[in-house]
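Okay, final_22.cif is below, mmCIF, C-alpha atoms:
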```
data_entry
loop_
_atom_site.label_atom_id
_atom_site.label_comp_id
_atom_site.auth_asym_id
_atom_site.auth_seq_id
_atom_site.Cartn_x
_atom_site.Cartn_y
_atom_site.Cartn_z
CA MET A 1 0.00 0.00 0.00
CA SER A 2 2.70 2.44 0.98
CA GLY A 3 4.58 1.38 -2.15
CA LEU A 4 1.65 2.48 -4.28
CA ILE A 5 1.42 5.81 -2.45
CA ASN A 6 5.14 6.36 -2.92
CA PHE A 7 4.81 5.62 -6.59
CA LEU A 8 1.88 8.03 -6.94
CA GLN A 9 3.81 10.69 -5.05
CA ARG A 10 6.83 10.35 -7.33
CA LEU A 11 4.62 10.46 -10.43
CA GLY A 12 2.81 13.55 -9.15
CA ALA A 13 6.04 15.30 -8.28
CA PHE A 14 7.41 14.49 -11.73
CA ILE A 15 4.33 15.91 -13.45
CA ILE A 16 4.27 19.06 -11.28
CA ASP A 17 7.98 19.64 -11.93
CA GLY A 18 7.43 19.19 -15.64
CA MET A 19 4.52 21.63 -15.70
CA ALA A 20 6.54 24.17 -13.68
CA GLY A 21 9.46 23.85 -16.12
CA LEU A 22 7.12 24.28 -19.07
CA GLY A 23 5.54 27.35 -17.48
CA ARG A 24 8.96 28.87 -16.69
CA SER A 25 10.21 28.33 -20.22
CA VAL A 26 7.06 29.79 -21.81
CA THR A 27 7.01 32.90 -19.61
CA PHE A 28 10.74 33.26 -20.29
CA LEU A 29 10.05 32.99 -24.05
CA ILE A 30 7.35 35.66 -23.82
CA SER A 31 9.66 38.07 -22.03
CA VAL A 32 12.36 37.39 -24.64
CA LEU A 33 9.89 38.07 -27.45
CA MET A 34 8.89 41.30 -25.70
CA GLY A 35 12.52 42.35 -26.11
CA PHE A 36 12.05 42.53 -29.88
CA LYS A 37 11.53 46.28 -29.85
CA ASP A 38 14.79 46.77 -27.91
CA VAL A 39 16.58 44.71 -30.53
CA LEU A 40 15.11 46.91 -33.25
CA LEU A 41 16.18 50.04 -31.36
CA ARG A 42 19.78 48.78 -31.10
CA PRO A 43 20.46 46.81 -34.30
CA ARG A 44 24.20 46.93 -33.65
CA LEU A 45 23.78 44.38 -30.86
CA LEU A 46 21.86 42.11 -33.23
CA ILE A 47 24.50 42.40 -35.96
CA ARG A 48 27.28 41.50 -33.51
CA GLU A 49 25.33 38.41 -32.44
CA ILE A 50 24.54 37.41 -36.04
CA TYR A 51 28.30 37.54 -36.58
CA SER A 52 29.12 35.25 -33.67
CA VAL A 53 26.17 32.90 -34.27
CA GLY A 54 25.81 32.94 -38.05
CA VAL A 55 29.04 33.99 -39.74
CA LEU A 56 31.21 31.87 -37.47
CA SER A 57 28.99 28.82 -38.14
CA LEU A 58 29.31 29.28 -41.88
CA LEU A 59 32.48 27.22 -42.25
CA ILE A 60 31.10 24.05 -40.66
CA ILE A 61 27.80 24.40 -42.56
CA PHE A 62 29.71 24.88 -45.82
CA PHE A 63 31.92 21.84 -45.37
CA SER A 64 29.14 19.55 -44.20
CA ALA A 65 26.99 20.65 -47.13
CA ILE A 66 29.78 19.79 -49.58
CA PHE A 67 30.37 16.34 -48.11
CA VAL A 68 26.70 15.50 -47.58
CA GLY A 69 25.90 16.46 -51.18
CA MET A 70 28.79 14.35 -52.48
CA VAL A 71 27.87 11.31 -50.37
CA VAL A 72 24.19 11.41 -51.32
CA SER A 73 25.13 11.74 -54.98
CA LEU A 74 27.62 8.88 -54.87
CA LEU A 75 25.30 6.56 -52.97
CA GLY A 76 22.31 7.45 -55.14
CA TYR A 77 24.32 6.79 -58.28
CA THR A 78 25.32 3.33 -57.07
CA ILE A 79 21.68 2.41 -56.47
CA LEU A 80 20.12 4.10 -59.50
CA VAL A 81 22.60 2.80 -62.05
CA ASP A 82 21.34 -0.76 -61.47
CA PHE A 83 17.91 0.30 -62.70
CA GLY A 84 19.21 2.42 -65.55
CA GLY A 85 17.77 5.44 -63.83
CA GLU A 86 20.88 7.51 -63.19
CA GLU A 87 19.24 10.49 -64.93
CA SER A 88 17.06 10.80 -61.83
CA LEU A 89 20.16 11.35 -59.68
CA GLY A 90 19.64 15.12 -59.67
CA LEU A 91 16.09 14.73 -58.40
CA LEU A 92 17.22 12.37 -55.65
CA VAL A 93 19.99 14.69 -54.49
CA ALA A 94 17.87 17.85 -54.67
CA LEU A 95 14.81 16.45 -52.93
CA THR A 96 16.69 14.75 -50.07
CA LEU A 97 18.75 17.88 -49.45
CA VAL A 98 16.01 20.47 -49.78
CA ARG A 99 13.32 18.60 -47.89
CA GLU A 100 15.23 16.81 -45.15
CA LEU A 101 18.99 16.94 -44.91
CA ALA A 102 19.61 20.67 -45.14
CA PRO A 103 17.06 21.72 -42.50
CA VAL A 104 17.83 18.83 -40.11
CA LEU A 105 21.61 18.61 -40.40
CA GLY A 106 21.88 22.40 -40.53
CA ALA A 107 19.92 22.67 -37.29
CA LEU A 108 21.88 19.88 -35.58
CA LEU A 109 25.21 21.47 -36.52
CA PHE A 110 23.89 24.87 -35.54
CA SER A 111 22.86 23.66 -32.10
CA GLY A 112 26.30 22.12 -31.63
CA ARG A 113 28.23 25.09 -32.92
CA ALA A 114 26.15 28.12 -31.92
CA GLY A 115 23.48 26.94 -29.46
CA SER A 116 26.03 25.47 -27.06
CA ALA A 117 28.14 28.63 -27.25
CA VAL A 118 25.14 30.82 -26.44
CA THR A 119 24.21 28.60 -23.48
CA ALA A 120 27.75 28.58 -22.11
CA GLU A 121 28.14 32.32 -22.56
CA ILE A 122 24.90 33.24 -20.79
CA GLY A 123 25.44 30.57 -18.13
CA LEU A 124 28.93 31.86 -17.38
CA MET A 125 27.65 35.43 -17.24
CA LYS A 126 25.20 34.23 -14.63
CA ALA A 127 27.84 32.27 -12.71
CA THR A 128 30.17 35.30 -12.59
CA GLU A 129 27.24 37.50 -11.50
CA GLN A 130 27.44 39.74 -14.57
CA LEU A 131 23.69 39.39 -15.09
CA ALA A 132 23.01 40.29 -11.46
CA SER A 133 25.24 43.37 -11.68
CA MET A 134 23.38 44.44 -14.84
CA GLU A 135 20.14 44.24 -12.93
CA MET A 136 21.75 46.39 -10.22
CA MET A 137 22.35 49.04 -12.90
CA ALA A 138 18.69 48.81 -13.97
CA VAL A 139 19.63 47.12 -17.26
CA ASP A 140 17.31 44.23 -18.02
CA PRO A 141 19.62 41.31 -18.93
CA ILE A 142 16.84 39.57 -20.87
CA ARG A 143 16.50 42.54 -23.18
CA ARG A 144 20.20 43.44 -23.31
CA ILE A 145 21.79 39.95 -23.46
CA VAL A 146 19.20 37.26 -24.21
CA ALA A 147 16.91 38.88 -26.79
CA PRO A 148 19.68 39.83 -29.31
CA ARG A 149 21.07 36.28 -29.15
CA PHE A 150 17.63 34.76 -29.60
CA PHE A 151 16.74 36.84 -32.64
CA ALA A 152 20.22 36.42 -34.13
CA GLY A 153 19.76 32.65 -33.98
CA LEU A 154 16.27 32.91 -35.41
CA ILE A 155 17.62 34.85 -38.41
CA SER A 156 20.89 32.96 -38.89
CA LEU A 157 19.73 29.35 -39.10
CA PRO A 158 17.30 29.78 -42.05
CA ILE A 159 20.05 31.68 -43.88
CA LEU A 160 22.58 28.94 -43.19
CA THR A 161 20.02 26.34 -44.31
CA ILE A 162 19.50 28.08 -47.65
CA ILE A 163 23.27 28.10 -48.16
CA PHE A 164 23.40 24.41 -47.14
CA MET A 165 20.77 23.55 -49.78
CA ALA A 166 22.52 25.38 -52.61
CA VAL A 167 26.03 24.15 -51.77
CA GLY A 168 24.82 20.58 -51.24
CA VAL A 169 22.98 20.36 -54.55
CA TYR A 170 25.91 21.84 -56.41
CA SER A 171 28.46 19.48 -54.86
CA GLY A 172 26.12 16.58 -55.66
CA TYR A 173 26.08 17.82 -59.23
CA LEU A 174 29.89 17.91 -59.34
CA VAL A 175 30.19 14.29 -58.18
CA GLY A 176 27.36 13.03 -60.38
CA SER A 177 28.34 14.88 -63.52
CA GLU A 178 32.11 15.35 -63.41
CA TRP A 179 33.06 12.10 -61.76
CA LYS A 180 30.28 9.60 -62.52
CA GLY A 181 29.40 10.99 -65.92
CA VAL A 182 25.66 11.59 -65.51
CA ASP A 183 24.48 13.91 -68.25
CA ALA A 184 24.43 17.47 -66.87
CA GLY A 185 21.39 18.45 -68.91
CA SER A 186 19.20 15.62 -67.64
CA PHE A 187 20.52 16.16 -64.11
CA TRP A 188 19.21 19.73 -64.01
CA SER A 189 16.09 19.20 -66.11
CA GLN A 190 14.89 16.37 -63.84
CA ILE A 191 15.34 18.70 -60.89
CA GLN A 192 13.53 21.58 -62.54
CA ASN A 193 10.67 19.34 -63.67
CA LYS A 194 9.98 17.72 -60.33
CA VAL A 195 11.15 20.06 -57.56
CA GLU A 196 8.48 22.62 -56.82
CA PHE A 197 9.46 26.00 -55.48
CA ARG A 198 6.52 26.49 -53.13
CA HIS A 199 6.02 22.90 -52.05
CA ASP A 200 9.61 21.78 -51.59
CA ILE A 201 11.92 24.74 -51.13
CA ILE A 202 9.58 27.01 -49.17
CA ASN A 203 8.54 24.11 -46.92
CA GLY A 204 12.21 23.29 -46.29
CA ILE A 205 12.81 26.89 -45.26
CA ILE A 206 9.72 26.86 -43.03
CA LYS A 207 11.16 23.76 -41.34
CA SER A 208 14.43 25.54 -40.69
CA ILE A 209 12.59 28.55 -39.20
CA VAL A 210 10.78 26.23 -36.77
CA PHE A 211 14.07 24.52 -35.86
CA ALA A 212 15.77 27.90 -35.39
CA PHE A 213 13.03 28.98 -33.01
CA VAL A 214 13.25 25.80 -30.94
CA VAL A 215 17.05 25.54 -30.89
CA THR A 216 17.67 29.14 -29.83
CA TRP A 217 14.84 29.01 -27.31
CA ILE A 218 16.37 25.94 -25.67
CA ALA A 219 19.84 27.48 -25.79
CA VAL A 220 18.97 30.78 -24.13
CA TYR A 221 16.64 29.13 -21.61
CA GLN A 222 19.26 26.60 -20.53
CA GLY A 223 21.89 29.33 -20.22
CA TYR A 224 19.68 31.74 -18.29
CA HIS A 225 18.44 29.08 -15.88
CA ALA A 226 21.76 27.31 -15.41
CA MET A 227 23.03 26.59 -11.90
CA PRO A 228 25.57 29.38 -11.28
CA THR A 229 28.48 26.98 -10.79
CA SER A 230 31.03 25.60 -13.23
CA GLU A 231 29.32 22.22 -13.00
CA GLY A 232 25.93 23.83 -13.61
CA VAL A 233 27.18 25.61 -16.74
CA SER A 234 28.65 22.42 -18.16
CA LYS A 235 25.39 20.59 -17.46
CA ALA A 236 23.35 23.34 -19.08
CA THR A 237 25.54 23.25 -22.19
CA THR A 238 25.12 19.48 -22.48
CA ASN A 239 21.37 19.76 -21.95
CA SER A 240 21.14 22.48 -24.57
CA VAL A 241 22.67 20.28 -27.27
CA VAL A 242 20.86 17.09 -26.24
CA TYR A 243 17.42 18.68 -25.95
CA SER A 244 17.92 20.57 -29.20
CA ALA A 245 18.85 17.39 -31.07
CA LEU A 246 15.85 15.49 -29.68
CA ALA A 247 13.48 18.38 -30.43
CA ILE A 248 14.82 18.74 -33.99
CA LEU A 249 14.50 15.05 -34.82
CA GLY A 250 11.05 14.73 -33.26
CA LEU A 251 9.71 17.92 -34.83
CA ASP A 252 11.16 16.94 -38.19
CA PHE A 253 9.00 13.84 -38.31
CA VAL A 254 5.88 15.81 -37.38
CA LEU A 255 6.62 18.53 -39.92
CA THR A 256 7.43 16.04 -42.67
CA ALA A 257 4.19 14.18 -41.97
CA MET A 258 2.26 17.45 -42.16
CA MET A 259 3.99 18.83 -45.25
CA PHE A 260 4.84 15.92 -47.51
CA ALA A 261 2.82 12.89 -46.43
CA SER A 262 -0.28 13.44 -48.55
CA MET B 1 39.55 48.31 -40.57
CA ASN B 2 38.26 48.34 -37.01
CA SER B 3 36.55 45.31 -35.54
CA SER B 4 33.00 46.70 -35.60
CA LYS B 5 33.29 47.43 -39.31
CA LYS B 6 34.72 43.96 -39.95
CA VAL B 7 31.74 42.38 -38.19
CA GLU B 8 29.30 44.39 -40.27
CA VAL B 9 31.08 43.54 -43.52
CA LEU B 10 31.05 39.82 -42.72
CA VAL B 11 27.38 39.86 -41.73
CA GLY B 12 26.62 41.66 -44.98
CA ALA B 13 28.58 39.01 -46.87
CA LEU B 14 26.57 36.26 -45.13
CA PHE B 15 23.29 37.85 -46.21
CA LEU B 16 24.58 38.31 -49.76
CA MET B 17 25.55 34.63 -49.91
CA ALA B 18 22.09 33.66 -48.68
CA ILE B 19 20.44 35.79 -51.35
CA LEU B 20 22.64 34.27 -54.07
CA ALA B 21 21.91 30.75 -52.79
CA PHE B 22 18.18 31.51 -52.73
CA VAL B 23 18.25 32.80 -56.31
CA PHE B 24 20.15 29.67 -57.35
CA LEU B 25 17.55 27.48 -55.66
CA ALA B 26 14.66 29.39 -57.21
CA LEU B 27 16.00 29.48 -60.75
CA ASN B 28 18.02 26.28 -61.08
CA VAL B 29 16.75 23.79 -58.52
CA SER B 30 12.99 24.28 -58.88
CA ASN B 31 10.38 24.94 -61.50
CA PHE B 32 9.86 28.48 -60.25
CA SER B 33 8.76 30.62 -63.16
CA GLY B 34 7.37 33.72 -61.55
CA LEU B 35 3.64 34.15 -61.27
CA SER B 36 2.91 33.27 -64.88
CA SER B 37 2.96 29.51 -64.25
CA ASN B 38 -0.83 29.17 -64.53
CA LYS B 39 -1.16 31.02 -67.82
CA GLY B 40 -2.75 29.21 -70.69
CA TYR B 41 -6.11 27.97 -71.82
CA LYS B 42 -7.97 25.05 -70.31
CA VAL B 43 -9.10 22.05 -72.32
CA THR B 44 -10.98 19.03 -71.00
CA ALA B 45 -11.03 15.42 -72.15
CA GLN B 46 -12.96 12.36 -70.97
CA PHE B 47 -11.23 9.03 -70.52
CA ASN B 48 -12.58 5.59 -69.64
CA ASN B 49 -9.51 4.89 -67.56
CA ILE B 50 -6.70 7.27 -66.68
CA GLY B 51 -4.46 4.63 -65.08
CA GLY B 52 -1.87 6.33 -62.89
CA LEU B 53 -2.15 9.80 -64.39
CA SER B 54 -1.72 12.57 -61.82
CA THR B 55 -2.00 16.34 -61.82
CA LYS B 56 1.07 18.22 -63.10
CA ALA B 57 1.70 15.41 -65.58
CA LYS B 58 3.04 16.57 -68.93
CA VAL B 59 0.87 17.17 -72.00
CA THR B 60 2.99 16.66 -75.11
CA MET B 61 2.73 16.91 -78.89
CA SER B 62 5.25 14.89 -80.84
CA GLY B 63 7.21 14.72 -77.58
CA VAL B 64 7.27 18.49 -77.05
CA THR B 65 5.74 19.63 -73.76
CA VAL B 66 2.85 21.99 -74.52
CA GLY B 67 1.05 22.01 -71.17
CA ARG B 68 0.25 20.31 -67.88
CA VAL B 69 -2.63 18.36 -66.39
CA THR B 70 -4.22 20.74 -63.86
CA ALA B 71 -7.23 18.82 -62.53
CA ILE B 72 -8.69 15.33 -62.56
CA SER B 73 -12.31 14.70 -61.62
CA TYR B 74 -15.07 12.18 -62.22
CA ASP B 75 -18.17 12.86 -64.29
CA LYS B 76 -21.30 11.51 -62.61
CA LYS B 77 -23.38 11.41 -65.80
CA SER B 78 -21.06 9.72 -68.26
CA PHE B 79 -19.20 7.67 -65.61
CA ARG B 80 -15.84 8.69 -67.05
CA ALA B 81 -12.80 10.49 -65.74
CA VAL B 82 -12.53 14.16 -66.73
CA VAL B 83 -8.99 15.46 -67.17
CA THR B 84 -8.46 19.23 -67.35
CA MET B 85 -5.29 20.34 -69.11
CA THR B 86 -3.78 23.81 -69.25
CA ILE B 87 -2.11 24.39 -72.61
CA ASP B 88 0.54 27.05 -73.06
CA PRO B 89 -0.94 30.07 -74.92
CA SER B 90 1.79 29.94 -77.55
CA PHE B 91 0.24 26.68 -78.83
CA ASP B 92 -3.12 28.18 -79.84
CA TYR B 93 -3.30 26.49 -83.24
CA LEU B 94 -4.05 22.89 -82.21
CA PRO B 95 -6.86 21.46 -84.40
CA GLU B 96 -10.20 20.89 -82.70
CA ASP B 97 -10.33 17.17 -83.56
CA SER B 98 -6.96 16.36 -81.98
CA GLN B 99 -6.77 13.05 -80.18
CA ALA B 100 -5.62 12.71 -76.56
CA SER B 101 -3.94 9.47 -75.45
CA ILE B 102 -2.42 8.46 -72.13
CA TYR B 103 1.03 6.92 -72.51
CA THR B 104 3.74 5.81 -70.15
CA ALA B 105 7.24 7.33 -70.32
CA GLY B 106 9.59 4.37 -70.48
CA LEU B 107 8.85 0.98 -69.01
CA LEU B 108 8.29 2.11 -65.44
CA GLY B 109 8.05 5.85 -65.95
CA GLU B 110 5.19 8.13 -65.12
CA GLN B 111 2.15 8.62 -67.30
CA TYR B 112 1.56 11.62 -69.55
CA ILE B 113 -0.91 12.79 -72.16
CA SER B 114 0.05 12.87 -75.81
CA LEU B 115 -1.97 14.92 -78.29
CA GLU B 116 -2.09 13.82 -81.94
CA THR B 117 -3.10 16.56 -84.34
CA GLY B 118 -6.32 16.29 -86.31
CA ALA B 119 -7.32 17.90 -89.59
CA GLU B 120 -9.97 20.49 -88.68
CA ASP B 121 -9.37 24.16 -89.35
CA ALA B 122 -10.98 25.29 -86.08
CA SER B 123 -8.55 25.19 -83.20
CA LEU B 124 -8.88 24.36 -79.50
CA THR B 125 -9.70 27.30 -77.23
CA GLU B 126 -10.56 27.91 -73.58
CA GLY B 127 -13.17 25.39 -72.46
CA SER B 128 -13.06 23.11 -75.51
CA ASN B 129 -13.54 19.42 -75.09
CA ILE B 130 -11.37 16.80 -76.77
CA SER B 131 -13.76 14.03 -77.80
CA LEU B 132 -11.30 11.56 -79.31
CA THR B 133 -9.46 9.90 -76.43
CA GLN B 134 -7.51 6.75 -75.81
CA SER B 135 -7.33 5.42 -72.26
CA ALA B 136 -4.27 4.37 -70.35
CA VAL B 137 -3.02 0.87 -70.99
CA VAL B 138 -3.51 -1.25 -67.89
CA LEU B 139 -1.16 -4.20 -67.69
CA GLU B 140 -3.72 -6.51 -66.06
CA GLU B 141 -6.15 -5.96 -68.95
CA ILE B 142 -3.52 -6.95 -71.52
CA ILE B 143 -2.62 -10.06 -69.56
CA GLY B 144 -6.32 -10.89 -69.25
CA LYS B 145 -6.83 -10.54 -73.01
CA LEU B 146 -3.76 -12.66 -73.70
CA LEU B 147 -5.02 -15.39 -71.38
CA VAL B 148 -8.43 -15.36 -73.09
CA SER B 149 -6.87 -15.63 -76.56
CA PHE B 150 -4.62 -18.49 -75.40
CA THR B 151 -7.44 -20.45 -73.82
CA THR B 152 -9.93 -20.06 -76.69
CA LYS B 153 -7.56 -21.47 -79.30
#
```

Before anything else, please render the file you have as structure tokens.
Amino acid sequence: MSGLINFLQRLGAFIIDGMAGLGRSVTFLISVLMGFKDVLLRPRLLIREIYSVGVLSLLIIFFSAIFVGMVVSLLGYTILVDFGGEESLGLLVALTLVRELAPVLGALLFSGRAGSAVTAEIGLMKATEQLASMEMMAVDPIRRIVAPRFFAGLISLPILTIIFMAVGVYSGYLVGSEWKGVDAGSFWSQIQNKVEFRHDIINGIIKSIVFAFVVTWIAVYQGYHAMPTSEGVSKATTNSVVYSALAILGLDFVLTAMMFAS
Amino acid sequence: MNSSKKVEVLVGALFLMAILAFVFLALNVSNFSGLSSNKGYKVTAQFNNIGGLSTKAKVTMSGVTVGRVTAISYDKKSFRAVVTMTIDPSFDYLPEDSQASIYTAGLLGEQYISLETGAEDASLTEGSNISLTQSAVVLEEIIGKLLVSFTTK
């Protein structure tokens, strides 16, 4: 009997904790979104953050796009050539990149490269009491520190995803056409016939906007609510990457089912 | 160059790259053709069986793409499939008695509509109906016919 009560108590505590965490993160998100006007008033802060979040992530996005495009092209060629369908290689490369790989891999890399950095930076500011001293000077740290980072991430990831798509398709073209000898004309014409601008490319970009929102939200929340110790900051950084990856992969399935299933 | 200017230049370069990549995607990787993609006149045709024909399938003449299938519906009165095609306005001289047939591109390819020209002087316009049609070939039907001809011998 007491075992059952203990079990119920643990379950209840778990649910109440979860609800409290959800409430904290949503109210935190609302106060970050309220900082939008401050970001507009001081665009220089936003540009500096876009530099550290977006421009500095460009190299890893660029290289992964090149190698992902080449691998998809090479693998697709090996499979398609058995059916005499290597002209469809362009379609295969373009659709997999535009619909799935660019938004998902871009967001995963972004959370590893930029999300973790944002979490660690804000968490360390909290641990060294920089945020508290800002509050002492009547500067709201959410509006001065968190909001520019949040909006910079929200802007940067879709941009990086678009670059990922273009670079990936082009590197797939180089492998397919220059190395494997697929006809360049049929490569591009298959893509242009079957890939639809609104249905495929715009939906891929919408995916990346959703991922950007979730990844940066998790990153700034974990940083701002980190335990103000060195252990707490390291835990928050780990959580930021792990939660982001899980959220991206789960959301990707839901979004794909909504966008492309019918 | 001071550091603040360097940051701004690099952010500007990032946005420029994104715009270039977006233009590349729009023009080269998709069938984006501005807002004029739905231009053309609509022609309908009734088929007994459309097989695996789907919207956005090609409409060709002698292998040249002249339009796309824009809608497929079912006619309650004649019990036949109604296929609506949008033909590019530059092909406004197709004879009224042209024949529409559903073919398959390659052995396993997708199905498309092929128009064979007729001999009338009047040409197809918005809302015309193509009366001469040939349905899609269904593999099971051919096998069935073959079996019948083998067994009746």

task: Find the residues near His225 in chain A: any atom within 10 Å, counting only C-alpha atoms, skip ones fewer than 6 places away on the same chain, and give them as a list in words.
output: Arg24, Ser25, Phe28, Thr119, Ile122, Gly123, Lys126, Gly232, Val233 and Ala236 of chain A

- request: Skip range 211-215 of chain A itself and residues of its chain fewer than 2 positions away, then list as number ranges by chain all residues within 6 Å of it, counting only C-alpha atoms.
  value: A: 154, 157, 208-209, 217-218, 244

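In this structure, the chain A residues at most 8 Å away from chain B are A:Ile47, A:Arg48, A:Ile50, A:Tyr51, A:Gly54, A:Val55, A:Ala94, A:Ile159, A:Leu160, A:Ile162, A:Ile163, A:Met165, A:Ala166, A:Val167, A:Trp188, A:Ile191, A:Gln192, A:Asn193, A:Lys194, A:Val195, A:Glu196, A:Phe197, A:Ile201, with all atoms listed in the file considered.
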
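If only C-alpha atoms are the atoms counted, then among A:Val182, A:Val26, A:Ala147, A:Ala117 the closest residue to Thr78 in chain A is A:Val182.
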
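Residues in contact with Leu33 in chain A at 10 Å, where all atoms listed in the file are counted and same-chain residues fewer than 6 positions away are skipped, are listed as Thr27, Val39, Ile142, Arg143, Val146, Ala147, Phe150 and Phe151 of chain A.
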
field: Who sits within 8 Å of Ser73 in chain A, all atoms listed in the file, same chain under 2 positions skipped, as JSON, numbers by chain
entry: {"A": [69, 70, 71, 75, 76, 77, 89, 90, 92, 93, 172, 173, 175, 176]}

message: Just want the 10 Å neighbourhood of Phe164 in chain A, counted on only C-alpha atoms, with same-chain residues fewer than 2 positions away dropped. Output as a VMD selection string.
response: (chain A and resid 58 61 to 66 68 to 69 97 to 98 101 to 103 105 to 106 158 to 162 166 to 170) or (chain B and resid 18 21)

Let me have the centre and edge lengths in Å, one decimal, of the box along x, y and z around every listed atom of range 148-153 of chain B with 5 Å of margin on each side, as AutoDock Vina command-line options.
```
--center_x -7.3 --center_y -18.4 --center_z -76.2 --size_x 15.3 --size_y 16.1 --size_z 16.2
```

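Residues matched by the PyMOL selection byres ((chain B and resi 136-140) around 10) in this structure: Phe47, Asn48, Asn49, Ile50, Gly51, Gly52, Leu53, Ser101, Ile102, Tyr103, Thr104, Gln111, Tyr112, Ile113, Thr133, Gln134, Ser135, Glu141, Ile142, Ile143, Gly144, Lys145 and Leu146 of chain B.
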
task: Run the PyMOL selection byres ((chain B and resi 89-96) around 7) on the file and write out the hits as a ChimeraX atom specification.
output: /B:40-41,66,87-88,97-98,117-124

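Take the candidates A:Ser2, A:Gln9, A:Ser177, A:Ser52 and check each one against Glu86 in chain A using all atoms listed in the file; the shortest distance goes to A:Ser177.
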
- prompt: From the list A:Ile60, A:Val254, A:Leu109, A:Phe67, which residue is nearest Ser171 in chain A when using all atoms listed in the file?
  reply: A:Phe67

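The space between CA of Ala152 in chain A and CA of Ala20 in chain A spans 27.5 Å.
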
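Each of A:Val241, A:Met34, A:Ala261, A:Leu56 was compared to Gly112 in chain A using only C-alpha atoms, and A:Val241 turns out to be the nearest.
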
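Applied to this file, the PyMOL selection byres ((chain A and resi 235) around 12) selects the residues Ser116, Thr119, Ala120, Gly123, Leu124, Gln222, Gly223, His225, Ala226, Met227, Pro228, Thr229, Ser230, Glu231, Gly232, Val233, Ser234, Ala236, Thr237, Thr238, Asn239, Ser240, Val241, Val242 and Tyr243 of chain A.
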
Could the residues in this selection be saved with C-alpha atoms as a PDB file, in the frame of the given file?
```pdb
ATOM      1  CA  SER A 116      26.030  25.470 -27.060  1.00  0.00           C
ATOM      2  CA  THR A 119      24.210  28.600 -23.480  1.00  0.00           C
ATOM      3  CA  ALA A 120      27.750  28.580 -22.110  1.00  0.00           C
ATOM      4  CA  GLY A 123      25.440  30.570 -18.130  1.00  0.00           C
ATOM      5  CA  LEU A 124      28.930  31.860 -17.380  1.00  0.00           C
ATOM      6  CA  GLN A 222      19.260  26.600 -20.530  1.00  0.00           C
ATOM      7  CA  GLY A 223      21.890  29.330 -20.220  1.00  0.00           C
ATOM      8  CA  HIS A 225      18.440  29.080 -15.880  1.00  0.00           C
ATOM      9  CA  ALA A 226      21.760  27.310 -15.410  1.00  0.00           C
ATOM     10  CA  MET A 227      23.030  26.590 -11.900  1.00  0.00           C
ATOM     11  CA  PRO A 228      25.570  29.380 -11.280  1.00  0.00           C
ATOM     12  CA  THR A 229      28.480  26.980 -10.790  1.00  0.00           C
ATOM     13  CA  SER A 230      31.030  25.600 -13.230  1.00  0.00           C
ATOM     14  CA  GLU A 231      29.320  22.220 -13.000  1.00  0.00           C
ATOM     15  CA  GLY A 232      25.930  23.830 -13.610  1.00  0.00           C
ATOM     16  CA  VAL A 233      27.180  25.610 -16.740  1.00  0.00           C
ATOM     17  CA  SER A 234      28.650  22.420 -18.160  1.00  0.00           C
ATOM     18  CA  ALA A 236      23.350  23.340 -19.080  1.00  0.00           C
ATOM     19  CA  THR A 237      25.540  23.250 -22.190  1.00  0.00           C
ATOM     20  CA  THR A 238      25.120  19.480 -22.480  1.00  0.00           C
ATOM     21  CA  ASN A 239      21.370  19.760 -21.950  1.00  0.00           C
ATOM     22  CA  SER A 240      21.140  22.480 -24.570  1.00  0.00           C
ATOM     23  CA  VAL A 241      22.670  20.280 -27.270  1.00  0.00           C
ATOM     24  CA  VAL A 242      20.860  17.090 -26.240  1.00  0.00           C
ATOM     25  CA  TYR A 243      17.420  18.680 -25.950  1.00  0.00           C
TER      26      TYR A 243
END
```

- line: Counting all atoms listed in the file, the residue among B:Leu132, B:Val59, B:Gln46, B:Ala100 that lies closest to Lys76 in chain B is B:Gln46

Need a file for range 91-96 of chain B from that block: N, CA, C and O atoms, written as an mmCIF file, in the first residue's frame.
```
data_model
loop_
_atom_site.group_PDB
_atom_site.id
_atom_site.type_symbol
_atom_site.label_atom_id
_atom_site.label_comp_id
_atom_site.auth_asym_id
_atom_site.auth_seq_id
_atom_site.Cartn_x
_atom_site.Cartn_y
_atom_site.Cartn_z
ATOM 1 N N PHE B 91 0.726 27.757 -77.961
ATOM 2 C CA PHE B 91 0.235 26.675 -78.829
ATOM 3 C C PHE B 91 -1.278 26.843 -79.010
ATOM 4 O O PHE B 91 -2.075 26.052 -78.527
ATOM 5 N N ASP B 92 -1.686 27.905 -79.712
ATOM 6 C CA ASP B 92 -3.118 28.177 -79.839
ATOM 7 C C ASP B 92 -3.657 27.724 -81.195
ATOM 8 O O ASP B 92 -4.726 28.113 -81.602
ATOM 9 N N TYR B 93 -2.890 26.888 -81.899
ATOM 10 C CA TYR B 93 -3.302 26.491 -83.244
ATOM 11 C C TYR B 93 -3.563 24.991 -83.333
ATOM 12 O O TYR B 93 -3.527 24.417 -84.402
ATOM 13 N N LEU B 94 -3.836 24.341 -82.176
ATOM 14 C CA LEU B 94 -4.049 22.892 -82.206
ATOM 15 C C LEU B 94 -5.436 22.600 -82.780
ATOM 16 O O LEU B 94 -6.426 23.168 -82.307
ATOM 17 N N PRO B 95 -5.562 21.740 -83.792
ATOM 18 C CA PRO B 95 -6.861 21.457 -84.401
ATOM 19 C C PRO B 95 -7.867 20.918 -83.386
ATOM 20 O O PRO B 95 -7.500 20.249 -82.419
ATOM 21 N N GLU B 96 -9.142 21.229 -83.641
ATOM 22 C CA GLU B 96 -10.200 20.891 -82.695
ATOM 23 C C GLU B 96 -10.381 19.374 -82.544
ATOM 24 O O GLU B 96 -10.782 18.892 -81.499
#
```
